[in-house]
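Structure file coords.txt (compact mmCIF, C-alpha atoms and all ligand atoms) is printed below.
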```
# COMPACT_ATOMS: atom_id res chain seq x y z
CA MET F 1 13.25 -13.97 -22.57
CA SER F 2 12.20 -13.26 -19.00
CA PHE F 3 8.91 -11.60 -18.09
CA VAL F 4 10.73 -8.34 -17.31
CA ASP F 5 12.62 -8.42 -20.64
CA ASP F 6 9.33 -8.94 -22.46
CA ILE F 7 7.67 -5.98 -20.76
CA VAL F 8 10.70 -3.78 -21.32
CA ALA F 9 10.99 -4.86 -24.98
CA GLU F 10 7.37 -4.00 -25.64
CA SER F 11 7.84 -0.56 -24.08
CA THR F 12 11.07 0.23 -25.93
CA ASN F 13 9.57 2.74 -28.32
CA LEU F 14 7.89 4.82 -25.59
CA ARG F 15 10.88 4.53 -23.29
CA GLU F 16 13.33 5.71 -25.93
CA ARG F 17 11.13 8.70 -26.71
CA ALA F 18 10.70 9.38 -22.97
CA VAL F 19 14.41 9.61 -22.21
CA LYS F 20 14.83 12.17 -24.98
CA VAL F 21 12.33 14.55 -23.40
CA MET F 22 12.44 13.86 -19.63
CA PRO F 23 15.45 13.24 -17.37
CA GLY F 24 15.69 9.45 -17.15
CA GLY F 25 12.41 9.27 -19.07
CA ILE F 26 10.22 9.80 -15.99
CA THR F 27 8.43 12.63 -14.18
CA ARG F 28 7.70 11.05 -10.78
CA SER F 29 10.87 9.78 -9.06
CA THR F 30 8.77 7.55 -6.81
CA LEU F 31 7.47 5.52 -9.77
CA PHE F 32 10.81 4.68 -11.26
CA LEU F 33 12.27 1.25 -11.05
CA ALA F 34 14.91 -0.30 -13.28
CA PRO F 35 15.01 -0.92 -16.11
CA HIS F 36 11.80 1.11 -16.55
CA PRO F 37 8.22 0.68 -15.32
CA PRO F 38 5.50 -0.42 -17.75
CA TYR F 39 3.00 2.20 -18.93
CA ALA F 40 -0.58 2.21 -17.63
CA VAL F 41 -3.28 2.17 -20.29
CA ARG F 42 -6.52 1.56 -18.46
CA GLY F 43 -7.91 1.09 -14.96
CA GLU F 44 -11.24 -0.42 -14.00
CA GLY F 45 -12.13 -1.09 -10.37
CA ALA F 46 -9.26 -2.98 -8.77
CA VAL F 47 -7.48 -3.85 -12.04
CA ILE F 48 -5.03 -2.01 -14.28
CA THR F 49 -4.08 -3.00 -17.83
CA ASP F 50 -0.62 -1.95 -18.99
CA ASN F 51 0.70 -1.20 -22.47
CA THR F 52 1.62 -4.85 -23.01
CA GLY F 53 -1.92 -6.04 -22.19
CA HIS F 54 -0.77 -7.46 -18.82
CA GLN F 55 -3.39 -7.05 -16.06
CA VAL F 56 -2.63 -6.51 -12.39
CA ILE F 57 -4.60 -5.98 -9.20
CA ASP F 58 -3.73 -2.42 -8.22
CA CYS F 59 -2.41 -2.34 -4.66
CA ASN F 60 -0.59 0.91 -5.30
CA ASN F 61 -3.75 2.89 -6.05
CA ASN F 62 -1.70 5.87 -7.07
CA TYR F 63 0.19 5.78 -3.80
CA THR F 64 -2.91 5.31 -1.64
CA SER F 65 -5.10 7.96 -3.26
CA LEU F 66 -7.68 5.82 -5.13
CA ILE F 67 -9.73 4.64 -2.19
CA HIS F 68 -12.41 3.25 -4.55
CA GLY F 69 -10.05 1.96 -7.24
CA HIS F 70 -10.32 3.09 -10.86
CA ALA F 71 -13.21 4.63 -12.77
CA HIS F 72 -15.73 4.24 -9.94
CA PRO F 73 -19.06 4.88 -11.71
CA ALA F 74 -20.49 7.50 -9.29
CA ILE F 75 -17.18 9.39 -9.07
CA THR F 76 -16.75 9.32 -12.83
CA SER F 77 -20.22 10.65 -13.52
CA ALA F 78 -19.85 13.39 -10.87
CA ALA F 79 -16.61 14.53 -12.52
CA VAL F 80 -17.99 14.29 -16.07
CA LYS F 81 -21.05 16.34 -15.11
CA VAL F 82 -18.85 19.12 -13.76
CA ILE F 83 -16.53 18.98 -16.77
CA SER F 84 -19.49 19.63 -19.05
CA GLU F 85 -20.43 22.69 -16.95
CA GLY F 86 -16.97 24.31 -16.97
CA THR F 87 -13.81 23.05 -15.33
CA ALA F 88 -12.36 26.10 -13.60
CA PHE F 89 -13.49 29.61 -12.75
CA GLY F 90 -12.07 32.84 -11.44
CA LEU F 91 -14.84 32.67 -8.85
CA PRO F 92 -15.40 30.33 -5.91
CA THR F 93 -17.99 27.57 -6.36
CA ASP F 94 -20.54 26.09 -3.98
CA ARG F 95 -18.61 22.81 -3.98
CA GLU F 96 -15.80 24.23 -1.86
CA VAL F 97 -18.33 25.27 0.77
CA VAL F 98 -19.94 21.84 0.81
CA PHE F 99 -16.58 20.08 0.86
CA ALA F 100 -15.20 22.25 3.65
CA GLU F 101 -18.37 21.52 5.63
CA LEU F 102 -17.89 17.80 5.06
CA LEU F 103 -14.25 17.89 6.18
CA ALA F 104 -14.98 20.09 9.19
CA GLU F 105 -17.66 17.70 10.38
CA ARG F 106 -15.63 14.60 9.63
CA VAL F 107 -12.18 15.58 10.86
CA GLY F 108 -13.33 17.83 13.69
CA LEU F 109 -11.37 20.96 12.73
CA PRO F 110 -13.55 23.95 11.85
CA HIS F 111 -11.70 25.80 9.09
CA TRP F 112 -10.31 24.49 5.76
CA ARG F 113 -8.39 25.71 2.74
CA PHE F 114 -7.79 23.83 -0.49
CA CYS F 115 -4.73 23.44 -2.69
CA ASN F 116 -3.48 20.99 -5.29
CA SER F 117 -1.23 18.44 -3.61
CA GLY F 118 0.01 17.10 -0.32
CA THR F 119 3.24 19.00 -0.85
CA GLU F 120 1.33 22.26 -1.09
CA ALA F 121 -0.83 21.38 1.91
CA VAL F 122 2.28 20.88 4.05
CA MET F 123 3.75 24.17 2.77
CA MET F 124 0.50 25.95 3.62
CA ALA F 125 0.30 24.44 7.11
CA ILE F 126 3.88 25.50 7.85
CA ARG F 127 3.15 29.01 6.56
CA ALA F 128 0.03 29.16 8.74
CA ALA F 129 1.95 28.06 11.82
CA ARG F 130 4.72 30.59 11.25
CA ALA F 131 2.27 33.41 10.54
CA TYR F 132 0.13 32.58 13.56
CA THR F 133 2.95 32.16 16.07
CA GLY F 134 5.30 34.77 14.64
CA ARG F 135 8.08 32.17 15.02
CA ASP F 136 10.29 30.53 12.40
CA LEU F 137 11.46 27.19 13.72
CA LEU F 138 9.93 23.97 12.41
CA ILE F 139 10.60 20.64 14.09
CA ARG F 140 10.06 17.48 12.08
CA PHE F 141 11.19 13.88 12.30
CA SER F 142 13.75 11.97 10.28
CA ASP F 143 12.57 9.50 7.65
CA SER F 144 9.10 11.03 7.47
CA TYR F 145 8.10 12.12 3.97
CA HIS F 146 6.09 15.33 3.74
CA GLY F 147 6.43 16.11 0.02
CA THR F 148 9.12 17.96 -1.87
CA SER F 149 9.35 21.51 -0.49
CA ASP F 150 12.71 22.73 0.83
CA ALA F 151 11.69 22.65 4.50
CA VAL F 152 10.77 18.97 4.51
CA VAL F 153 13.40 17.22 2.42
CA ALA F 154 16.81 16.16 3.74
CA PRO F 155 18.73 19.37 4.57
CA ASP F 156 21.78 18.02 2.71
CA ALA F 157 19.79 17.04 -0.40
CA ALA F 158 21.09 18.49 -3.66
CA GLY F 159 19.35 21.73 -4.57
CA VAL F 160 18.28 22.63 -1.02
CA PRO F 161 19.77 25.97 0.12
CA THR F 162 22.03 25.60 3.14
CA GLY F 163 20.08 28.39 4.90
CA THR F 164 17.05 26.07 5.16
CA THR F 165 18.58 24.25 8.11
CA ARG F 166 18.57 27.44 10.18
CA ASP F 167 14.79 27.26 10.59
CA VAL F 168 14.21 23.50 10.52
CA LEU F 169 15.30 20.94 13.09
CA VAL F 170 15.12 17.26 12.19
CA LEU F 171 14.89 14.98 15.22
CA PRO F 172 14.91 11.19 15.45
CA GLN F 173 11.43 9.70 15.24
CA ALA F 174 9.80 8.77 18.55
CA ASP F 175 12.85 9.69 20.65
CA SER F 176 11.13 11.25 23.66
CA ALA F 177 14.33 12.30 25.41
CA ALA F 178 15.76 14.11 22.35
CA PHE F 179 12.42 15.78 21.71
CA LYS F 180 11.96 16.97 25.31
CA GLU F 181 15.50 18.26 25.45
CA THR F 182 15.06 20.22 22.22
CA MET F 183 11.74 21.67 23.34
CA ALA F 184 13.31 22.69 26.67
CA SER F 185 16.07 24.63 24.94
CA GLN F 186 14.29 25.84 21.76
CA GLY F 187 10.57 25.73 22.68
CA SER F 188 10.03 29.49 22.58
CA ARG F 189 11.36 29.58 18.98
CA VAL F 190 9.20 26.70 17.71
CA ALA F 191 6.34 27.59 15.37
CA ALA F 192 5.25 24.00 14.82
CA VAL F 193 6.07 20.35 15.19
CA LEU F 194 5.19 18.45 12.03
CA ILE F 195 4.45 14.77 12.53
CA ASP F 196 3.17 11.85 10.49
CA LEU F 197 1.74 9.35 12.98
CA MET F 198 2.62 6.42 10.71
CA PRO F 199 5.38 7.52 8.36
CA ASN F 200 5.55 5.50 5.18
CA ARG F 201 9.22 6.20 4.45
CA ALA F 202 10.10 5.09 7.97
CA GLY F 203 8.48 1.71 7.32
CA LEU F 204 4.79 2.38 8.03
CA VAL F 205 5.11 1.74 11.76
CA PRO F 206 2.68 3.67 13.96
CA VAL F 207 4.31 6.17 16.34
CA PRO F 208 3.92 5.07 19.99
CA GLN F 209 0.89 6.62 21.69
CA ASP F 210 3.13 8.11 24.40
CA PHE F 211 5.22 9.96 21.86
CA ALA F 212 2.21 11.39 20.04
CA GLY F 213 0.84 12.52 23.43
CA LEU F 214 4.20 14.06 24.31
CA VAL F 215 4.22 16.12 21.09
CA ARG F 216 0.72 17.41 21.91
CA GLU F 217 1.66 18.23 25.50
CA GLN F 218 4.98 19.91 24.66
CA THR F 219 3.62 22.00 21.79
CA ASP F 220 0.82 23.23 24.06
CA ARG F 221 3.27 23.99 26.83
CA HIS F 222 5.56 26.04 24.58
CA GLY F 223 2.90 27.86 22.55
CA ALA F 224 3.87 25.95 19.41
CA LEU F 225 1.44 24.23 17.04
CA MET F 226 1.07 20.54 16.28
CA ILE F 227 0.64 19.77 12.59
CA VAL F 228 -0.41 16.20 11.84
CA ASP F 229 0.31 15.17 8.25
CA GLU F 230 -2.62 12.94 7.33
CA VAL F 231 -1.93 12.90 3.60
CA ILE F 232 -1.66 9.10 3.69
CA THR F 233 -3.29 8.24 7.01
CA LEU F 234 -6.62 10.09 6.74
CA ARG F 235 -8.15 6.91 5.30
CA LEU F 236 -7.56 5.00 8.56
CA GLY F 237 -10.42 6.64 10.46
CA THR F 238 -13.27 9.02 9.67
CA ASP F 239 -11.28 11.60 11.61
CA GLY F 240 -7.95 10.28 10.41
CA LEU F 241 -5.20 8.60 12.39
CA ALA F 242 -5.06 11.51 14.87
CA GLY F 243 -8.63 10.58 15.80
CA ARG F 244 -7.56 7.03 16.52
CA TYR F 245 -4.83 8.41 18.79
CA GLY F 246 -7.39 10.63 20.53
CA ILE F 247 -5.34 13.69 19.60
CA ARG F 248 -6.69 16.99 18.34
CA PRO F 249 -4.04 18.70 16.23
CA ASP F 250 -3.94 22.46 15.61
CA LEU F 251 -3.49 21.83 11.89
CA VAL F 252 -4.03 18.82 9.67
CA THR F 253 -2.87 18.26 6.11
CA ALA F 254 -4.92 16.10 3.76
CA ALA F 255 -4.66 15.08 0.09
CA LYS F 256 -4.80 11.83 -1.92
CA ILE F 257 -8.18 10.16 -1.13
CA ILE F 258 -10.08 13.44 -0.75
CA GLY F 259 -9.57 14.22 -4.48
CA GLY F 260 -11.43 11.18 -5.78
CA GLY F 261 -8.52 10.50 -8.15
CA PHE F 262 -7.79 14.13 -9.09
CA PRO F 263 -4.97 16.39 -7.85
CA VAL F 264 -5.79 17.80 -4.41
CA GLY F 265 -4.54 19.06 -1.10
CA ALA F 266 -6.22 20.65 1.92
CA VAL F 267 -5.34 22.13 5.29
CA GLY F 268 -7.71 22.02 8.23
CA GLY F 269 -7.18 23.93 11.42
CA ARG F 270 -8.46 25.79 14.40
CA ALA F 271 -10.15 28.98 13.24
CA GLU F 272 -7.66 31.32 14.93
CA VAL F 273 -4.70 29.42 13.51
CA LEU F 274 -5.94 29.86 9.93
CA GLU F 275 -6.97 33.48 10.61
CA PRO F 276 -3.84 34.89 8.89
CA PHE F 277 -5.44 33.78 5.58
CA ASN F 278 -8.61 35.79 6.27
CA PRO F 279 -8.81 38.67 3.77
CA LEU F 280 -11.39 40.37 6.00
CA GLY F 281 -9.12 40.30 9.02
CA ASN F 282 -5.66 41.78 9.13
CA GLY F 283 -5.04 38.96 6.60
CA SER F 284 -1.30 38.81 6.67
CA VAL F 285 -0.99 35.82 4.32
CA SER F 286 -2.07 35.94 0.70
CA TRP F 287 -2.22 32.50 -0.90
CA GLY F 288 -4.03 31.85 -4.18
CA GLY F 289 -3.53 28.83 -6.40
CA THR F 290 -5.03 28.97 -9.89
CA PHE F 291 -6.48 25.48 -9.60
CA SER F 292 -7.03 25.35 -5.82
CA ALA F 293 -10.53 24.10 -4.90
CA ASN F 294 -10.98 23.04 -8.52
CA PRO F 295 -14.62 22.08 -9.11
CA VAL F 296 -13.85 18.82 -10.93
CA THR F 297 -11.58 17.66 -8.11
CA LEU F 298 -14.09 18.65 -5.47
CA ALA F 299 -17.04 16.98 -7.22
CA ALA F 300 -15.07 13.73 -7.54
CA GLY F 301 -13.69 14.06 -4.02
CA LEU F 302 -17.09 14.69 -2.47
CA GLU F 303 -18.45 11.55 -4.09
CA ALA F 304 -15.40 9.56 -2.97
CA MET F 305 -15.65 10.75 0.63
CA ARG F 306 -19.43 10.27 0.85
CA SER F 307 -18.89 6.68 -0.30
CA PHE F 308 -16.28 6.18 2.40
CA ASN F 309 -18.32 6.42 5.55
CA ARG F 310 -17.51 4.93 8.93
CA THR F 311 -18.75 1.44 7.95
CA GLN F 312 -16.64 1.42 4.78
CA VAL F 313 -13.58 2.80 6.57
CA GLU F 314 -13.85 0.06 9.16
CA ALA F 315 -14.51 -2.71 6.61
CA LEU F 316 -11.42 -1.75 4.61
CA ASN F 317 -9.31 -1.57 7.77
CA THR F 318 -10.52 -5.02 8.79
CA ALA F 319 -9.62 -6.42 5.35
CA GLY F 320 -6.13 -4.94 5.76
CA ASP F 321 -5.72 -6.26 9.31
CA GLU F 322 -6.74 -9.75 8.15
CA LEU F 323 -4.36 -9.71 5.18
CA ARG F 324 -1.52 -8.54 7.43
CA ALA F 325 -2.29 -11.26 9.99
CA THR F 326 -2.24 -14.01 7.33
CA LEU F 327 1.04 -12.73 5.92
CA HIS F 328 2.54 -12.49 9.41
CA ALA F 329 1.46 -16.04 10.10
CA ALA F 330 3.42 -17.07 6.99
CA HIS F 331 6.48 -15.17 8.33
CA ILE F 332 6.27 -12.41 5.72
CA PRO F 333 7.70 -9.18 7.20
CA VAL F 334 4.86 -6.71 6.88
CA SER F 335 3.99 -3.55 8.81
CA GLY F 336 1.22 -0.97 8.68
CA LEU F 337 -2.23 -0.50 10.14
CA GLY F 338 -5.72 -1.10 8.78
CA SER F 339 -5.98 -0.70 5.02
CA LEU F 340 -2.31 0.29 4.61
CA LEU F 341 0.38 -2.40 4.53
CA ARG F 342 4.07 -2.31 3.79
CA LEU F 343 6.09 -5.32 2.71
CA ARG F 344 9.72 -5.40 3.76
CA HIS F 345 12.30 -7.09 1.57
CA PRO F 346 16.03 -6.56 0.97
CA ASP F 347 15.44 -6.31 -2.80
CA LEU F 348 12.24 -4.33 -3.29
CA GLU F 349 12.82 -3.97 -7.01
CA ARG F 350 12.91 -7.71 -7.56
CA LEU F 351 9.91 -8.10 -5.25
CA TRP F 352 8.00 -5.53 -7.30
CA TRP F 353 8.67 -7.31 -10.58
CA SER F 354 7.98 -10.73 -9.10
CA LEU F 355 4.58 -9.53 -7.84
CA TYR F 356 3.87 -7.71 -11.07
CA GLU F 357 4.43 -10.93 -12.99
CA ARG F 358 1.95 -12.54 -10.59
CA ASN F 359 -0.64 -9.91 -11.50
CA VAL F 360 -0.28 -7.76 -8.39
CA MET F 361 1.13 -4.23 -8.40
CA VAL F 362 2.46 -2.75 -5.15
CA GLY F 363 4.30 0.52 -4.55
CA THR F 364 7.99 0.52 -5.52
CA ASN F 365 8.57 0.72 -1.75
CA GLY F 366 6.48 -2.41 -1.01
CA LEU F 367 3.34 -0.44 -0.14
CA ILE F 368 -0.08 -2.07 -0.38
CA ALA F 369 -3.07 0.29 -0.17
CA LEU F 370 -6.40 -1.51 -0.28
CA SER F 371 -9.38 -0.08 -2.13
CA THR F 372 -13.10 -0.68 -1.76
CA ALA F 373 -13.05 -2.03 -5.33
CA MET F 374 -11.25 -5.16 -4.08
CA ASN F 375 -13.38 -8.24 -3.41
CA ASP F 376 -12.45 -11.42 -1.56
CA THR F 377 -11.00 -12.98 -4.71
CA HIS F 378 -8.71 -9.98 -5.24
CA LEU F 379 -7.58 -10.19 -1.61
CA ASP F 380 -6.94 -13.95 -1.90
CA ASN F 381 -4.96 -13.37 -5.09
CA ILE F 382 -2.88 -10.66 -3.43
CA ARG F 383 -2.07 -12.97 -0.52
CA GLU F 384 -1.15 -15.88 -2.80
CA ALA F 385 1.01 -13.68 -5.02
CA VAL F 386 2.91 -12.28 -2.02
CA LEU F 387 3.51 -15.76 -0.61
CA ALA F 388 4.71 -17.04 -4.00
CA ALA F 389 6.96 -14.01 -4.60
CA TYR F 390 8.69 -14.35 -1.21
CA GLN F 391 9.12 -18.05 -1.86
CA GLU F 392 10.70 -17.36 -5.26
CA LEU F 393 13.05 -14.72 -3.87
CA SER F 394 14.09 -16.61 -0.72
N1 LIG F 401 2.84 13.97 3.13
C1 LIG F 401 2.80 12.62 3.15
C2 LIG F 401 2.68 11.91 4.46
C3 LIG F 401 2.87 11.92 1.96
O1 LIG F 401 2.85 10.58 1.98
C4 LIG F 401 2.96 12.62 0.73
C5 LIG F 401 3.01 11.91 -0.61
N2 LIG F 401 3.23 10.59 -0.63
C6 LIG F 401 3.00 14.02 0.78
C7 LIG F 401 2.92 14.67 1.98
C8 LIG F 401 3.09 14.81 -0.49
O2 LIG F 401 1.91 14.69 -1.22
P1 LIG F 401 1.88 14.95 -2.79
O3 LIG F 401 2.62 13.81 -3.44
O4 LIG F 401 0.41 14.98 -3.14
O5 LIG F 401 2.54 16.26 -3.03
```
Please render this file's structure as structure tokens.
Amino acid sequence: MSFVDDIVAESTNLRERAVKVMPGGITRSTLFLAPHPPYAVRGEGAVITDNTGHQVIDCNNNYTSLIHGHAHPAITSAAVKVISEGTAFGLPTDREVVFAELLAERVGLPHWRFCNSGTEAVMMAIRAARAYTGRDLLIRFSDSYHGTSDAVVAPDAAGVPTGTTRDVLVLPQADSAAFKETMASQGSRVAAVLIDLMPNRAGLVPVPQDFAGLVREQTDRHGALMIVDEVITLRLGTDGLAGRYGIRPDLVTAAKIIGGGFPVGAVGGRAEVLEPFNPLGNGSVSWGGTFSANPVTLAAGLEAMRSFNRTQVEALNTAGDELRATLHAAHIPVSGLGSLLRLRHPDLERLWWSLYERNVMVGTNGLIALSTAMNDTHLDNIREAVLAAYQELS
């Protein structure tokens, strides 16, 4: 039996039960790969153990969110302490104040609101932009993933109402001429331009500086807002990838790393742009969220972010740049920036399994997200496994 057959055979019982109670036996579409992924049992630092006892270096890190790997001692004890004091309240807690202060200082946008996922953060930023500008139209770019809400998935995707397209324009990524032309004809209708400066779905290739600058200039010119989706890219600089571009967005969405391994989302913005949420003002937008600003999430997230200061951000980026350079030198097609890498391969499913057999787990899309839990040996093992997998599949 092959390695994959073995894994699948050992998971048969769970898999058969799963397909009876969940469509296709899975909840997160992005985790699925045929015949069925193994089940995670335990994570410690950079390593995961699956239900068959197989151990892998985790380069997926829950799709980039575990910046310190699994079960980081300080994050775990911060979360456990809060759990023992009560996990959720119908009152705000001091942690949201402290966390908003931390994000304001770090990202350079003064006002913040919390929610539970990147999807929600994007929805909230779009709502803010529409409420603030009094306009409906959203411009976004093809092949950029911004979560699962109607406005940001493919307009022709099943289940998306046809009316959605009326208020959303999807333009080609980094096409300055198309963008300028659209802004010239539609600019006065545009509430916001939503951009990911290094979209993962589009291959994790940074947007050209000129194009990012053009979006800033055109949104300013037409009284529209610039929303930078930093759900994945916030880890690349203390003030995110926008900071590295020298761009100050009107709104930023964050999630993943800021939750310390718990569900999270946040929107940062200029004070006047988030003013519609102000219940003391003429507060036109009411937005709750039973678990928004959850104390367990925020305690874990605070610890995670405090342990990811400028020095650690830069060290992780350097490790990523070095890994990418070595893989490039060996003619492995790899993109990305800093601590985020993306392997390209015509058969990503086979690549995934080949790496998994070699004790390395990447994203099902070839994503590698480094964590501070990785040491030089882990990084060497990742490199060797990638080289061996490409060799096997060539
Ligand atoms: N925006 C970007 C850029 C993302 O990569 C993702 C998730 N991968 C989201 C939004 C949605 O975040 P979540 O999965 O937490 O809803």
Between atom CA of F:Ala224 and atom CA of F:Leu337 lies a distance of 28.7 Å
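In this model, the gap between atom CA of F:Ala330 and atom CA of F:Ile368 comes to 17.1 Å.
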Taking every listed atom of stretch 125-131 of chain F and adding 4 Å to each side, what centre and edge lengths in Å (one decimal) does the axis-aligned box have, as lines of an AutoDock Vina configuration file?
```
center_x = 2.4
center_y = 28.9
center_z = 9.2
size_x = 12.7
size_y = 17.0
size_z = 13.3
```
Identify, counting all atoms listed in the file, the protein, DNA and RNA residues located within 8 Å of ligand LIG 401 (chain F), and give them as a PyMOL selection string.
chain F and resi 63+116-122+144-148+196+199-200+229-233+253+255-256+263-265
Please produce a file of those selected residues containing C-alpha atoms, as a JSON list (two decimals), keeping the file's coordinate frame.
```json
[["chain", "number", "residue", "atom", "x", "y", "z"],
["F", 63, "TYR", "CA", 0.19, 5.78, -3.80],
["F", 116, "ASN", "CA", -3.48, 20.99, -5.29],
["F", 117, "SER", "CA", -1.23, 18.44, -3.61],
["F", 118, "GLY", "CA", 0.01, 17.10, -0.32],
["F", 119, "THR", "CA", 3.24, 19.00, -0.85],
["F", 120, "GLU", "CA", 1.33, 22.26, -1.09],
["F", 121, "ALA", "CA", -0.83, 21.38, 1.91],
["F", 122, "VAL", "CA", 2.28, 20.88, 4.05],
["F", 144, "SER", "CA", 9.10, 11.03, 7.47],
["F", 145, "TYR", "CA", 8.10, 12.12, 3.97],
["F", 146, "HIS", "CA", 6.09, 15.33, 3.74],
["F", 147, "GLY", "CA", 6.43, 16.11, 0.02],
["F", 148, "THR", "CA", 9.12, 17.96, -1.87],
["F", 196, "ASP", "CA", 3.17, 11.85, 10.49],
["F", 199, "PRO", "CA", 5.38, 7.52, 8.36],
["F", 200, "ASN", "CA", 5.55, 5.50, 5.18],
["F", 229, "ASP", "CA", 0.31, 15.17, 8.25],
["F", 230, "GLU", "CA", -2.62, 12.94, 7.33],
["F", 231, "VAL", "CA", -1.93, 12.90, 3.60],
["F", 232, "ILE", "CA", -1.66, 9.10, 3.69],
["F", 233, "THR", "CA", -3.29, 8.24, 7.01],
["F", 253, "THR", "CA", -2.87, 18.26, 6.11],
["F", 255, "ALA", "CA", -4.66, 15.08, 0.09],
["F", 256, "LYS", "CA", -4.80, 11.83, -1.92],
["F", 263, "PRO", "CA", -4.97, 16.39, -7.85],
["F", 264, "VAL", "CA", -5.79, 17.80, -4.41],
["F", 265, "GLY", "CA", -4.54, 19.06, -1.10]]
```
Tell me which protein, DNA and RNA residues are within 9 Å of F:Val360, counting all atoms listed in the file, leaving out same-chain ones fewer than 5 positions away, and put them as number ranges by chain.
F: 47, 55-59, 352, 354-355, 381-382, 385-386
Show me the residues around (1.8, 27.7, 2.4) - criterion: an atom at most 12 Å away, all atoms listed in the file counted - as a count of residues only.
33
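Between atom CA of F:Leu387 and atom CA of F:Val334 the interatomic distance comes to 11.8 Å.
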May I have the residues within 7 Å of F:Ser65 as a list in words, using all atoms listed in the file and disregarding those fewer than 2 positions away in the same chain?
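Close residues of F:Ser65: Asn61, Asn62, Tyr63, Ile67, Lys256, Ile257 and Gly261 of chain F.
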Of the candidates F:Leu367, F:Ala389, F:Leu234, F:Ala79, which shows the shortest atom-to-atom distance to F:Arg106, using only C-alpha atoms?
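Result for the nearest residue to F:Arg106: F:Leu234.
Using only C-alpha atoms for every distance, the candidate list F:Asn317, F:Thr76, F:Ser339, F:Ser84 yields F:Thr76 as the residue closest to F:Phe262.
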Reconstruct N, CA, C and O atoms of stretch 260-271 of chain F; output as a compact mmCIF listing (two decimals), in the frame of the given file.
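File rebuild-v3.txt, as written:
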```txt
# COMPACT_ATOMS: atom_id res chain seq x y z
N GLY F 260 -10.70 12.11 -4.92
CA GLY F 260 -11.43 11.18 -5.78
C GLY F 260 -10.67 10.80 -7.04
O GLY F 260 -11.27 10.48 -8.06
N GLY F 261 -9.33 10.87 -6.99
CA GLY F 261 -8.52 10.50 -8.15
C GLY F 261 -8.00 11.71 -8.92
O GLY F 261 -7.31 11.55 -9.92
N PHE F 262 -8.30 12.90 -8.44
CA PHE F 262 -7.79 14.13 -9.09
C PHE F 262 -6.81 14.82 -8.13
O PHE F 262 -6.83 14.59 -6.93
N PRO F 263 -5.97 15.73 -8.70
CA PRO F 263 -4.97 16.39 -7.85
C PRO F 263 -5.62 17.23 -6.76
O PRO F 263 -6.56 17.99 -7.06
N VAL F 264 -5.14 17.09 -5.53
CA VAL F 264 -5.79 17.80 -4.41
C VAL F 264 -4.86 17.94 -3.22
O VAL F 264 -3.94 17.15 -3.04
N GLY F 265 -5.15 18.93 -2.41
CA GLY F 265 -4.54 19.06 -1.10
C GLY F 265 -5.49 19.91 -0.26
O GLY F 265 -6.32 20.65 -0.81
N ALA F 266 -5.39 19.81 1.05
CA ALA F 266 -6.22 20.65 1.92
C ALA F 266 -5.55 20.78 3.28
O ALA F 266 -4.81 19.89 3.70
N VAL F 267 -5.81 21.91 3.92
CA VAL F 267 -5.34 22.13 5.29
C VAL F 267 -6.55 22.43 6.15
O VAL F 267 -7.38 23.27 5.79
N GLY F 268 -6.65 21.73 7.27
CA GLY F 268 -7.71 22.02 8.23
C GLY F 268 -7.07 22.54 9.50
O GLY F 268 -5.94 22.16 9.83
N GLY F 269 -7.78 23.41 10.19
CA GLY F 269 -7.18 23.93 11.42
C GLY F 269 -8.17 24.62 12.33
O GLY F 269 -9.35 24.82 11.98
N ARG F 270 -7.66 24.96 13.48
CA ARG F 270 -8.46 25.79 14.40
C ARG F 270 -8.65 27.13 13.71
O ARG F 270 -7.76 27.64 13.00
N ALA F 271 -9.81 27.75 13.96
CA ALA F 271 -10.15 28.98 13.24
C ALA F 271 -9.07 30.05 13.45
O ALA F 271 -8.63 30.69 12.49
```
